[in-house]
Amino acid sequence: MFPYLFLAPLAGYTTSSVRLFFRLHGADMVFSEMVSAKAILLGSKKTLSLVAFKEKERPIGVQIFGGDPIVLSEAAQAIEENLKPDMIDINMGCPVRKVIKQGYGAALLENRDMALRIAHDVSRAVKTPVSVKTRTGFDRPIGLSFFLELASTGISLLTIHGRTAISFFSGEVDWDFIHRLAERSPIPVIGNGGLKTPEDVREKLMIGNISGVMIGMGAVSDPFIFMKVRGKPIPDNPEVYFLKFIMEKGEGVNVVKRFALNMLKNRFNVRRYRRMIAHSRDGEEILKVVEECVNV
Ligand SMILES: Cc1cc2nc3c(=O)[nH]c(=O)nc-3n(C[C@H](O)[C@H](O)[C@H](O)COP(=O)(O)O)c2cc1C
């Protein structure tokens, strides 16, 4: 079986139309951005809109964050009952100050008994498979044994972003650690971090025992990365194709802009176009600038 290729949860990027695009273009599974378990229980309309999804996006994981096993279990039950996603993912990797200061996200790597309890309790509270997405440690790598315990709590899948929380999104990704964990884990391990090209992805999948990879910003700058990994053909003007797709599905200007800026980032001599996009407040206008930029 070909290893899994997952689209990572990305706040501000992985909206419904974007997830649908990736499901139709090579991703085996997609994830909603993280939402607060507390906000789910309070019935926040904004939060619910972030996790609502269309049938065609399946299989989809809905990601929640929090620090209390009861709140997380009840939020998971509410999500299971109302949305019936294919997976419920618990965020134990977010390094953002606002999140960790409340004991959520990557802060759970500093409160490991609580992390284990949360994984144990949530996976028993629902019938839906539960997964955890985490990092190699908080301020330093914490070694294999904690992750092996985490993998034995009853969860079905473990995703590791191979960096510590304090390194945020830069620096080396410890793929060796991910592969060593995958060798010994009783459940599938998905590796994540810094995969930018189809070659990066193939290289990581060739060694060791990982069950798949999760791609985040590499898919934002190249929405056809999954198709390329699979050796499938891609359309001419892929940037324009992608933007047209999400706009037809009703995507708002902010997300269109974020993708447009990222997709053009690595091109030569595009500063003028990127400035025009950054100042635009209109999706159609952004699309025209991208069309002009990729055709010069
Ligand atoms: C803008 C942005 C938003 C993110 N939002 C989330 C999120 O909501 N939940 C999560 O688990 N990780 C989130 N991440 C982390 C990514 O899922 C991923 O673990 C990280 O970017 C490393 O993978 P990549 O190099 O393939 O992007 C976010 C990362 C970025 C850059």
# chains A, B, ... in the order shown; residues from 1 in each chain; ligands from 1
>>> residues_around(residues="Leu157 of chain A", least_positions_apart="5", cutoff="8 Å", atoms="only C-alpha atoms", output="PyMOL selection string")
chain A and resi 130-132+151+187-190
>>> write_last_selection(atoms="N, CA and C atoms", output="PDB file, in the first residue's frame")
ATOM      1  N   VAL A 130      -9.385   8.481  17.345  1.00  0.00           N
ATOM      2  CA  VAL A 130      -8.769   9.707  17.867  1.00  0.00           C
ATOM      3  C   VAL A 130      -7.274   9.675  17.525  1.00  0.00           C
ATOM      4  N   SER A 131      -6.761  10.825  17.102  1.00  0.00           N
ATOM      5  CA  SER A 131      -5.326  10.921  16.826  1.00  0.00           C
ATOM      6  C   SER A 131      -4.753  12.081  17.621  1.00  0.00           C
ATOM      7  N   VAL A 132      -3.432  12.107  17.736  1.00  0.00           N
ATOM      8  CA  VAL A 132      -2.754  13.218  18.410  1.00  0.00           C
ATOM      9  C   VAL A 132      -1.706  13.766  17.450  1.00  0.00           C
ATOM     10  N   ALA A 151       1.291   6.488  22.426  1.00  0.00           N
ATOM     11  CA  ALA A 151       0.777   5.615  21.361  1.00  0.00           C
ATOM     12  C   ALA A 151       0.014   4.421  21.923  1.00  0.00           C
ATOM     13  N   ILE A 187       1.055   1.896  16.845  1.00  0.00           N
ATOM     14  CA  ILE A 187       0.048   2.502  15.953  1.00  0.00           C
ATOM     15  C   ILE A 187       0.777   3.260  14.832  1.00  0.00           C
ATOM     16  N   PRO A 188       0.065   3.574  13.736  1.00  0.00           N
ATOM     17  CA  PRO A 188       0.725   4.291  12.634  1.00  0.00           C
ATOM     18  C   PRO A 188       1.288   5.640  13.083  1.00  0.00           C
ATOM     19  N   VAL A 189       2.480   5.956  12.586  1.00  0.00           N
ATOM     20  CA  VAL A 189       3.109   7.254  12.851  1.00  0.00           C
ATOM     21  C   VAL A 189       3.227   8.011  11.529  1.00  0.00           C
ATOM     22  N   ILE A 190       2.782   9.258  11.573  1.00  0.00           N
ATOM     23  CA  ILE A 190       2.855  10.136  10.399  1.00  0.00           C
ATOM     24  C   ILE A 190       3.920  11.194  10.683  1.00  0.00           C
TER      25      ILE A 190
END
>>> residues_near_ligand(ligand="ligand 1", cutoff="10 Å", atoms="only C-alpha atoms and all ligand atoms", output="MDAnalysis selection string")
chainID A and resid 6:14 31:35 62:65 89:96 105:106 132:135 159:163 168:170 173 191:196 213:221 258
>>> closest_residue(among="A:Ala37, A:Ala107, A:Val18, A:Leu5", to="Lys249 of chain A", atoms="only C-alpha atoms")
A:Val18
>>> residues_around(residues="Ala125 of chain A", least_positions_apart="5", cutoff="9 Å", atoms="only C-alpha atoms", output="list of chain:residue names")
A:Ser73, A:Glu74, A:Ala76, A:Gln77, A:His120
>>> residues_around(residues="Pro186 of chain A", least_positions_apart="3", cutoff="12 Å", atoms="only C-alpha atoms", output="count of residues only")
19
>>> closest_residue(among="A:Phe53, A:Gly212, A:Met263, A:Tyr241", to="Asn82 of chain A", atoms="only C-alpha atoms")
A:Phe53
>>> atom_distance(atom1="atom CA of Glu292 of chain A", atom2="atom CA of Arg272 of chain A")
11.4 Å
>>> select_by_dssp(residues="segment 2-142 of chain A", states="strand (DSSP E)", output="PyMOL selection string")
chain A and resi 4-7+30-31+35-36+60-65+87-92+130-137
>>> closest_residue(among="A:Gly252, A:Gly103, A:Pro59, A:Pro238", to="Glu291 of chain A", atoms="only C-alpha atoms")
A:Pro238
>>> residues_around(residues="Arg23 of chain A", least_positions_apart="3", cutoff="12 Å", atoms="only C-alpha atoms", output="PyMOL selection string")
chain A and resi 5-7+14+16-20+26-31+54-60+223-224+226-227
>>> select_by_dssp(residues="segment 35-226 of chain A", states="alpha helix (DSSP H)", output="ChimeraX atom specification")
/A:37-41,45-51,69-83,97-100,112-125,144-151,175-184,198-206,217-221,225-226
>>> atom_distance(atom1="atom CA of Leu72 of chain A", atom2="atom CA of Asp121 of chain A")
8.7 Å
>>> closest_residue(among="A:Ile207, A:Leu83, A:Met247, A:Leu24", to="Leu50 of chain A", atoms="only C-alpha atoms")
A:Leu83
>>> atom_distance(atom1="atom CA of Ala165 of chain A", atom2="atom CA of Thr136 of chain A")
7.9 Å
>>> decode(residues="segment 155-167 of chain A", atoms="all heavy atoms", output="short mmCIF file (atom, residue, chain, number, x, y, z; two decimals), in the first residue's frame")
data_model
loop_
_atom_site.label_atom_id
_atom_site.label_comp_id
_atom_site.auth_asym_id
_atom_site.auth_seq_id
_atom_site.Cartn_x
_atom_site.Cartn_y
_atom_site.Cartn_z
N ILE A 155 -5.27 5.79 21.41
CA ILE A 155 -5.41 6.57 20.18
C ILE A 155 -5.06 5.69 18.97
O ILE A 155 -4.41 4.65 19.11
CB ILE A 155 -4.53 7.85 20.20
CG1 ILE A 155 -3.04 7.52 20.34
CG2 ILE A 155 -4.99 8.79 21.30
CD1 ILE A 155 -2.12 8.72 20.13
N SER A 156 -5.48 6.15 17.78
CA SER A 156 -5.32 5.32 16.58
C SER A 156 -4.17 5.74 15.69
O SER A 156 -3.76 4.98 14.81
CB SER A 156 -6.59 5.39 15.73
OG SER A 156 -7.70 5.02 16.50
N LEU A 157 -3.68 6.96 15.86
CA LEU A 157 -2.67 7.49 14.96
C LEU A 157 -1.92 8.63 15.65
O LEU A 157 -2.53 9.39 16.42
CB LEU A 157 -3.37 8.02 13.70
CG LEU A 157 -2.52 8.59 12.60
CD1 LEU A 157 -2.66 7.70 11.36
CD2 LEU A 157 -2.98 9.98 12.21
N LEU A 158 -0.63 8.71 15.37
CA LEU A 158 0.18 9.75 16.00
C LEU A 158 0.94 10.50 14.92
O LEU A 158 1.64 9.89 14.10
CB LEU A 158 1.15 9.06 16.97
CG LEU A 158 2.05 9.90 17.87
CD1 LEU A 158 1.22 10.85 18.74
CD2 LEU A 158 2.88 8.97 18.77
N THR A 159 0.78 11.82 14.90
CA THR A 159 1.54 12.63 13.94
C THR A 159 2.60 13.40 14.70
O THR A 159 2.29 14.07 15.70
CB THR A 159 0.62 13.62 13.20
OG1 THR A 159 -0.42 12.87 12.56
CG2 THR A 159 1.39 14.40 12.15
N ILE A 160 3.84 13.33 14.22
CA ILE A 160 4.93 14.06 14.89
C ILE A 160 5.51 15.09 13.94
O ILE A 160 6.00 14.75 12.85
CB ILE A 160 6.08 13.11 15.31
CG1 ILE A 160 5.58 11.94 16.15
CG2 ILE A 160 7.17 13.89 16.06
CD1 ILE A 160 5.31 12.25 17.58
N HIS A 161 5.44 16.35 14.37
CA HIS A 161 6.19 17.41 13.71
C HIS A 161 7.58 17.36 14.36
O HIS A 161 7.70 17.59 15.56
CB HIS A 161 5.47 18.75 13.94
CG HIS A 161 6.21 19.94 13.41
ND1 HIS A 161 5.80 21.24 13.68
CD2 HIS A 161 7.30 20.05 12.62
CE1 HIS A 161 6.64 22.08 13.07
NE2 HIS A 161 7.55 21.39 12.43
N GLY A 162 8.61 17.07 13.55
CA GLY A 162 9.92 16.75 14.11
C GLY A 162 10.73 17.93 14.61
O GLY A 162 11.94 18.00 14.36
N ARG A 163 10.10 18.85 15.28
CA ARG A 163 10.79 19.97 15.92
C ARG A 163 10.24 20.16 17.33
O ARG A 163 9.11 19.74 17.62
CB ARG A 163 10.54 21.28 15.16
CG ARG A 163 11.07 21.35 13.76
CD ARG A 163 10.82 22.76 13.20
NE ARG A 163 11.41 22.95 11.90
CZ ARG A 163 10.71 23.03 10.77
NH1 ARG A 163 9.39 22.92 10.77
NH2 ARG A 163 11.33 23.23 9.62
N THR A 164 11.02 20.82 18.18
CA THR A 164 10.49 21.18 19.50
C THR A 164 9.56 22.38 19.33
O THR A 164 9.59 23.07 18.30
CB THR A 164 11.63 21.57 20.45
OG1 THR A 164 12.33 22.67 19.87
CG2 THR A 164 12.57 20.42 20.71
N ALA A 165 8.78 22.65 20.39
CA ALA A 165 7.84 23.78 20.31
C ALA A 165 8.58 25.11 20.23
O ALA A 165 8.16 26.01 19.48
CB ALA A 165 6.91 23.77 21.52
N ILE A 166 9.69 25.23 20.96
CA ILE A 166 10.35 26.55 20.95
C ILE A 166 11.05 26.83 19.62
O ILE A 166 11.39 27.97 19.34
CB ILE A 166 11.34 26.78 22.12
CG1 ILE A 166 12.41 25.71 22.15
CG2 ILE A 166 10.62 26.90 23.45
CD1 ILE A 166 13.62 26.14 22.98
N SER A 167 11.25 25.81 18.79
CA SER A 167 11.82 26.14 17.47
C SER A 167 10.72 26.52 16.47
O SER A 167 11.03 26.79 15.30
CB SER A 167 12.73 25.03 16.95
OG SER A 167 12.13 23.79 17.11
#
